[in-house]
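Trainee: Hey, dropping final.tsv in here, TSV, C-alpha atoms:
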```tsv
chain	number	residue	atom	x	y	z
A	1315	MET	CA	19.49	29.82	-40.78
A	1316	LYS	CA	22.05	27.12	-40.17
A	1317	LYS	CA	20.52	26.31	-36.81
A	1318	TYR	CA	17.05	26.16	-38.39
A	1319	GLY	CA	18.34	23.84	-41.13
A	1320	LEU	CA	19.93	21.51	-38.59
A	1321	LEU	CA	16.67	21.35	-36.62
A	1322	LYS	CA	14.73	20.40	-39.77
A	1323	ILE	CA	17.23	17.63	-40.57
A	1324	ALA	CA	17.10	16.27	-37.01
A	1325	ALA	CA	13.29	16.32	-37.01
A	1326	ALA	CA	13.22	14.52	-40.34
A	1327	GLY	CA	15.61	11.88	-38.97
A	1328	ILE	CA	13.43	11.27	-35.91
A	1329	ALA	CA	10.32	10.99	-38.10
A	1330	PHE	CA	12.11	8.45	-40.31
A	1331	LEU	CA	13.14	6.31	-37.32
A	1332	PHE	CA	9.60	6.43	-35.90
A	1333	ALA	CA	8.09	5.39	-39.23
A	1334	GLY	CA	10.60	2.55	-39.46
A	1335	THR	CA	9.59	1.31	-36.01
A	1336	LEU	CA	5.91	1.26	-36.97
A	1337	LEU	CA	6.68	-0.55	-40.21
A	1338	PHE	CA	8.67	-3.20	-38.35
A	1339	ALA	CA	5.92	-3.73	-35.75
A	1340	SER	CA	3.21	-4.12	-38.36
A	1341	SER	CA	5.29	-6.68	-40.22
A	1342	LYS	CA	4.82	-9.19	-37.41
A	1343	PRO	CA	2.29	-11.84	-38.51
A	1344	GLU	CA	0.40	-11.74	-35.20
A	1345	ASN	CA	-0.33	-8.04	-35.75
A	1346	THR	CA	-1.81	-8.41	-39.23
A	1347	GLY	CA	-4.98	-9.93	-40.68
A	1348	ILE	CA	-7.72	-11.08	-38.33
A	1349	GLN	CA	-7.02	-12.45	-34.86
A	1350	VAL	CA	-9.37	-14.94	-33.19
A	1351	THR	CA	-9.34	-17.54	-30.43
A	1352	GLY	CA	-10.69	-21.07	-30.49
A	1353	THR	CA	-11.24	-23.63	-27.75
A	1354	GLY	CA	-11.46	-27.40	-27.97
A	1355	ILE	CA	-12.77	-29.54	-25.11
A	1356	VAL	CA	-12.66	-33.33	-25.06
A	1357	SER	CA	-14.23	-35.41	-22.29
A	1358	ILE	CA	-12.53	-38.64	-21.28
A	1359	LYS	CA	-13.09	-41.20	-18.56
A	1360	PRO	CA	-10.58	-41.01	-15.68
A	1361	ASP	CA	-8.63	-44.13	-14.84
A	1362	THR	CA	-6.83	-42.99	-11.67
A	1363	ALA	CA	-7.88	-41.58	-8.31
A	1364	SER	CA	-5.78	-39.54	-5.90
A	1365	ILE	CA	-6.98	-39.62	-2.29
A	1366	ARG	CA	-5.72	-37.22	0.33
A	1367	LEU	CA	-6.38	-38.44	3.85
A	1368	ALA	CA	-4.88	-37.88	7.27
A	1369	VAL	CA	-4.38	-39.37	10.70
A	1370	VAL	CA	-4.92	-36.83	13.50
A	1371	THR	CA	-4.10	-37.54	17.15
A	1372	GLU	CA	-4.07	-35.46	20.33
A	1373	ASP	CA	-2.48	-35.80	23.76
A	1374	ASN	CA	-1.28	-33.67	26.64
A	1375	GLU	CA	2.30	-34.69	25.83
A	1376	ALA	CA	3.87	-34.11	22.43
A	1377	ALA	CA	5.77	-37.39	22.43
A	1378	LYS	CA	2.65	-39.42	23.20
A	1379	ALA	CA	0.62	-37.64	20.51
A	1380	ALA	CA	3.38	-38.34	17.98
A	1381	ALA	CA	3.69	-41.99	19.05
A	1382	LYS	CA	-0.06	-42.56	18.71
A	1383	ASN	CA	0.00	-40.94	15.29
A	1384	ALA	CA	2.94	-43.02	14.10
A	1385	GLU	CA	1.21	-46.24	15.17
A	1386	LEU	CA	-2.06	-45.38	13.43
A	1387	THR	CA	-0.40	-44.03	10.29
A	1388	ASP	CA	1.64	-47.22	9.96
A	1389	ALA	CA	-1.58	-49.23	10.31
A	1390	VAL	CA	-3.28	-47.11	7.60
A	1391	ILE	CA	-0.38	-47.56	5.16
A	1392	LYS	CA	-0.33	-51.32	5.72
A	1393	ALA	CA	-4.12	-51.51	5.31
A	1394	VAL	CA	-4.23	-49.70	1.95
A	1395	GLN	CA	-1.28	-51.72	0.69
A	1396	LYS	CA	-3.05	-54.92	1.71
A	1397	ALA	CA	-6.09	-53.64	-0.22
A	1398	GLY	CA	-4.01	-53.41	-3.40
A	1399	ILE	CA	-2.04	-50.15	-3.26
A	1400	ALA	CA	1.64	-50.36	-4.25
A	1401	ALA	CA	4.20	-48.99	-1.78
A	1402	GLU	CA	5.29	-46.25	-4.21
A	1403	ASP	CA	1.68	-45.05	-4.52
A	1404	THR	CA	1.49	-43.98	-0.87
A	1405	ALA	CA	3.36	-40.83	0.13
A	1406	THR	CA	3.47	-38.44	3.08
A	1407	ARG	CA	2.24	-35.02	2.01
A	1408	ASP	CA	2.31	-33.04	5.26
A	1409	TYR	CA	3.31	-33.67	8.85
A	1410	ASN	CA	2.45	-31.19	11.59
A	1411	LEU	CA	2.86	-31.17	15.36
A	1412	TYR	CA	1.79	-28.13	17.31
A	1413	ARG	CA	0.70	-27.04	20.76
A	1414	GLN	CA	-2.98	-26.22	21.04
A	1415	SER	CA	-4.42	-23.35	23.00
A	1416	ARG	CA	-7.72	-21.53	23.26
A	1417	TYR	CA	-8.38	-17.96	24.33
A	1418	ASN	CA	-10.50	-17.66	27.45
A	1419	SER	CA	-12.44	-14.39	27.31
A	1420	ASN	CA	-13.24	-14.60	31.04
A	1421	THR	CA	-9.62	-14.71	32.17
A	1422	GLY	CA	-8.09	-12.97	29.16
A	1423	THR	CA	-5.49	-15.71	28.75
A	1424	ASN	CA	-4.69	-18.53	26.34
A	1425	GLU	CA	-5.42	-21.90	27.92
A	1426	TYR	CA	-3.19	-24.87	27.08
A	1427	ARG	CA	-5.08	-27.72	25.42
A	1428	GLY	CA	-2.41	-30.31	24.68
A	1429	TYR	CA	-0.70	-31.25	21.43
A	1430	ARG	CA	-2.13	-32.13	18.04
A	1431	VAL	CA	-0.32	-34.20	15.40
A	1432	SER	CA	-1.50	-34.51	11.80
A	1433	ASN	CA	0.08	-36.83	9.23
A	1434	SER	CA	-1.40	-36.29	5.75
A	1435	LEU	CA	-1.03	-38.98	3.09
A	1436	THR	CA	-1.67	-39.07	-0.64
A	1437	VAL	CA	-2.81	-42.45	-1.95
A	1438	THR	CA	-2.87	-43.08	-5.71
A	1439	VAL	CA	-5.45	-45.65	-6.80
A	1440	ARG	CA	-4.64	-47.03	-10.25
A	1441	ASP	CA	-7.65	-49.33	-10.34
A	1442	ILE	CA	-10.31	-46.65	-10.01
A	1443	ALA	CA	-13.08	-49.17	-9.33
A	1444	HIS	CA	-11.46	-49.93	-5.95
A	1445	THR	CA	-11.47	-46.32	-4.72
A	1446	GLY	CA	-14.29	-46.88	-2.23
A	1447	LYS	CA	-12.65	-50.04	-0.90
A	1448	ILE	CA	-9.37	-48.20	-0.33
A	1449	ILE	CA	-11.14	-45.40	1.56
A	1450	ASP	CA	-12.89	-47.92	3.80
A	1451	ALA	CA	-9.64	-49.75	4.50
A	1452	ALA	CA	-7.96	-46.50	5.52
A	1453	LEU	CA	-10.85	-45.52	7.81
A	1454	GLN	CA	-10.95	-48.89	9.52
A	1455	ALA	CA	-7.20	-48.69	10.15
A	1456	GLY	CA	-7.35	-45.26	11.81
A	1457	ALA	CA	-7.54	-42.48	9.22
A	1458	ASN	CA	-9.93	-39.79	10.49
A	1459	GLU	CA	-9.69	-37.00	7.90
A	1460	LEU	CA	-10.26	-37.04	4.15
A	1461	SER	CA	-9.82	-33.68	2.43
A	1462	ASP	CA	-9.88	-34.47	-1.29
A	1463	ILE	CA	-10.44	-37.10	-3.97
A	1464	SER	CA	-9.30	-36.22	-7.49
A	1465	PHE	CA	-9.94	-38.27	-10.60
A	1466	TYR	CA	-7.82	-38.00	-13.72
A	1467	ALA	CA	-6.56	-39.90	-16.76
A	1468	ARG	CA	-2.90	-40.88	-16.84
A	1469	ASP	CA	-2.55	-40.65	-20.63
A	1470	THR	CA	-4.20	-37.57	-22.17
A	1471	SER	CA	-2.03	-37.29	-25.31
A	1472	ALA	CA	-4.73	-38.48	-27.74
A	1473	ALA	CA	-7.33	-36.25	-26.07
A	1474	TYR	CA	-5.03	-33.22	-26.34
A	1475	GLU	CA	-4.45	-33.91	-30.04
A	1476	GLN	CA	-8.19	-34.05	-30.65
A	1477	ALA	CA	-8.79	-30.92	-28.54
A	1478	ARG	CA	-6.15	-28.99	-30.52
A	1479	LYS	CA	-7.86	-29.88	-33.80
A	1480	GLN	CA	-11.21	-28.80	-32.40
A	1481	ALA	CA	-9.70	-25.54	-31.16
A	1482	PHE	CA	-8.28	-24.71	-34.60
A	1483	LEU	CA	-11.59	-25.47	-36.35
A	1484	HIS	CA	-13.39	-23.32	-33.80
A	1485	ALA	CA	-11.00	-20.43	-34.49
A	1486	GLN	CA	-11.29	-20.91	-38.26
A	1487	ASN	CA	-15.08	-20.85	-38.14
A	1488	ALA	CA	-15.01	-17.64	-36.11
A	1489	ALA	CA	-12.58	-16.05	-38.57
A	1490	GLU	CA	-14.72	-17.05	-41.56
A	1491	THR	CA	-17.81	-15.53	-39.96
A	1492	LEU	CA	-16.01	-12.26	-39.27
A	1493	SER	CA	-14.35	-12.07	-42.69
A	1494	THR	CA	-17.70	-12.65	-44.44
A	1495	ALA	CA	-19.32	-9.95	-42.33
A	1496	SER	CA	-16.52	-7.52	-43.25
A	1497	GLY	CA	-16.76	-8.33	-46.97
A	1498	LYS	CA	-13.30	-9.86	-47.20
A	1499	LYS	CA	-11.99	-13.30	-48.10
A	1500	LEU	CA	-10.14	-15.34	-45.52
A	1501	GLY	CA	-6.62	-16.52	-46.29
A	1502	LYS	CA	-4.24	-18.95	-44.63
A	1503	ALA	CA	-3.24	-19.00	-40.98
A	1504	LEU	CA	-0.21	-16.78	-40.34
A	1505	PHE	CA	0.31	-17.28	-36.63
A	1506	ILE	CA	-0.83	-19.87	-34.06
A	1507	GLU	CA	-0.24	-19.74	-30.33
A	1508	GLU	CA	-1.41	-22.26	-27.76
A	1509	TYR	CA	-1.65	-20.30	-24.55
A	1510	GLN	CA	-3.91	-22.42	-22.36
A	1511	ASN	CA	-4.42	-26.10	-21.88
A	1512	HIS	CA	-5.32	-28.06	-18.81
A	1513	SER	CA	-7.14	-31.08	-17.45
A	1514	ALA	CA	-10.16	-30.40	-15.28
A	1515	TYR	CA	-10.20	-32.63	-12.23
A	1516	ARG	CA	-13.52	-33.88	-10.92
A	1517	ASN	CA	-13.59	-34.02	-7.11
A	1518	SER	CA	-15.92	-36.18	-5.03
A	1519	ALA	CA	-15.53	-36.17	-1.26
A	1520	ASP	CA	-18.93	-35.13	-0.02
A	1521	TYR	CA	-19.65	-37.52	2.83
A	1522	VAL	CA	-18.91	-37.30	6.54
A	1523	LEU	CA	-16.10	-39.60	7.66
A	1524	GLU	CA	-17.27	-39.85	11.25
A	1525	GLU	CA	-20.65	-41.18	10.16
A	1526	ARG	CA	-19.07	-43.57	7.69
A	1527	ALA	CA	-16.68	-44.89	10.33
A	1528	MET	CA	-19.57	-45.65	12.71
A	1529	LYS	CA	-21.65	-47.36	10.01
A	1530	MET	CA	-19.02	-49.61	8.45
A	1531	SER	CA	-20.61	-52.44	6.54
A	1532	SER	CA	-19.74	-54.94	3.83
A	1533	VAL	CA	-20.76	-52.37	1.21
A	1534	SER	CA	-17.88	-50.17	0.02
A	1535	THR	CA	-18.16	-46.40	0.00
A	1536	PRO	CA	-19.87	-45.47	-3.30
A	1537	ILE	CA	-17.62	-43.34	-5.52
A	1538	THR	CA	-18.64	-41.95	-8.92
A	1539	PRO	CA	-15.69	-40.50	-10.88
A	1540	GLY	CA	-17.72	-39.10	-13.78
A	1541	GLU	CA	-15.61	-37.65	-16.60
A	1542	THR	CA	-12.60	-35.36	-16.82
A	1543	GLU	CA	-12.10	-32.71	-19.50
A	1544	VAL	CA	-9.04	-31.83	-21.55
A	1545	SER	CA	-9.15	-28.25	-22.81
A	1546	VAL	CA	-6.96	-26.43	-25.35
A	1547	THR	CA	-7.25	-22.77	-26.36
A	1548	LEU	CA	-5.49	-21.32	-29.42
A	1549	ARG	CA	-4.90	-17.78	-30.64
A	1550	VAL	CA	-4.82	-17.79	-34.43
A	1551	VAL	CA	-4.13	-14.99	-36.92
A	1552	PHE	CA	-5.50	-15.44	-40.47
A	1553	GLU	CA	-4.58	-13.29	-43.43
A	1554	PHE	CA	-7.09	-11.43	-45.60
A	1555	LYS	CA	-6.91	-12.06	-49.34
```
I need this file expressed as structure tokens, please.
Mentor:
Amino acid sequence: MKKYGLLKIAAAGIAFLFAGTLLFASSKPENTGIQVTGTGIVSIKPDTASIRLAVVTEDNEAAKAAAKNAELTDAVIKAVQKAGIAAEDTATRDYNLYRQSRYNSNTGTNEYRGYRVSNSLTVTVRDIAHTGKIIDAALQAGANELSDISFYARDTSAAYEQARKQAFLHAQNAAETLSTASGKKLGKALFIEEYQNHSAYRNSADYVLEERAMKMSSVSTPITPGETEVSVTLRVVFEFK
């Protein structure tokens, strides 16, 4: 009997602790009421371009390939700076030197094909209207690869503020629709979490550099930046009255 009584008391204690845990969890505001998400998207015009280009050289000797690359890269940097780019807006992103080889299926061996050097630069264009001119200046000076052009706005604070307001209204409208459908009245917001926001970059590098280099003219490369988007997503919990 005593053992049975002790077991009943222990079981009751465990049940009490379990119930207390559930009560505590349900008291969190994000686990009560109605939970919805809302997204706000604001389009703005970009004012800055980021160009990633490279100078690639090859030679049978590593030192000669590197020397050629250094000479052309220096010419490219000077050319874009002369076209209006500040020194601090040109930076080396990657530098690679490696021995090239190709597998010969007839002999079953790797054949030596000299050395390849690639110096990748990132150029920030703060006057976005001159993006095409900067690209042309780099090509004329010796750049022979262009992998990416990104457009963005330097100051997105006002756009983010507007997007956050839109996101909350979107969430509130969704909550009102759901509360009406369930026959309940919507109360105040109990919990708000911003778990996603980002700027969408618009890329535009869809022409062939080799063809552009052969057909250089007085007309700058046409570049259309379009618009960039600022997006904010909120998770909001509203109470039921």
Trainee: From the list A:Ala1393, A:Val1370, A:Ile1449, A:Ala1443, which residue is nearest Tyr1412 (chain A) when using all atoms listed in the file?
Mentor: A:Val1370
Trainee: Please, what distance in Å, to one decimal, runs between CA of Val1546 (chain A) and CA of Gly1354 (chain A)?
Mentor: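 CA of Gly1354 (chain A) lies 5.3 Å from CA of Val1546 (chain A).
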Trainee: Residues within 7 Å of Arg1440 (chain A), please, as a list in words. Count only C-alpha atoms; anything in the same chain fewer than 5 positions from it doesn't count.
Mentor: Asp1361, Thr1362 and Ala1363 of chain A
Trainee: Could you pull out every residue with an atom within 10 Å of (-2.3, -42.2, -17.7), file coordinates, counting all atoms listed in the file, and send them as a list in words?
Mentor: Pro1360, Asp1361, Thr1362, Arg1440, Tyr1466, Ala1467, Arg1468, Asp1469, Thr1470 and Ser1471 of chain A
Trainee: Could those residues be written to a file, using C-alpha atoms, as a PDB file, keeping the file's coordinate frame?
Mentor:
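Generated output (again.pdb):
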```
ATOM      1  CA  PRO A1360     -10.580 -41.010 -15.680  1.00  0.00           C
ATOM      2  CA  ASP A1361      -8.630 -44.130 -14.840  1.00  0.00           C
ATOM      3  CA  THR A1362      -6.830 -42.990 -11.670  1.00  0.00           C
ATOM      4  CA  ARG A1440      -4.640 -47.030 -10.250  1.00  0.00           C
ATOM      5  CA  TYR A1466      -7.820 -38.000 -13.720  1.00  0.00           C
ATOM      6  CA  ALA A1467      -6.560 -39.900 -16.760  1.00  0.00           C
ATOM      7  CA  ARG A1468      -2.900 -40.880 -16.840  1.00  0.00           C
ATOM      8  CA  ASP A1469      -2.550 -40.650 -20.630  1.00  0.00           C
ATOM      9  CA  THR A1470      -4.200 -37.570 -22.170  1.00  0.00           C
ATOM     10  CA  SER A1471      -2.030 -37.290 -25.310  1.00  0.00           C
TER      11      SER A1471
END
```
Trainee: Under the rule that all atoms listed in the file are counted, which of A:Lys1498, A:Lys1378, A:Arg1416, A:Lys1479 is the nearest residue to Val1431 (chain A)?
Mentor: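 Comparing A:Lys1498, A:Lys1378, A:Arg1416, A:Lys1479 against Val1431 (chain A), the winner is A:Lys1378.
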Trainee: Calculated over only C-alpha atoms, which of the candidates A:Val1390, A:Ile1348, A:Leu1548, A:Leu1367 has the smallest distance to Arg1478 (chain A)?
Mentor: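 Of all the options, A:Leu1548 lies closest to Arg1478 (chain A).
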Trainee: I'd like the interatomic distance between CA of Gln1395 (chain A) and CA of Asn1410 (chain A), to a tenth of an Å.
Mentor: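 Between CA of Gln1395 (chain A) and CA of Asn1410 (chain A) the gap is 23.5 Å.
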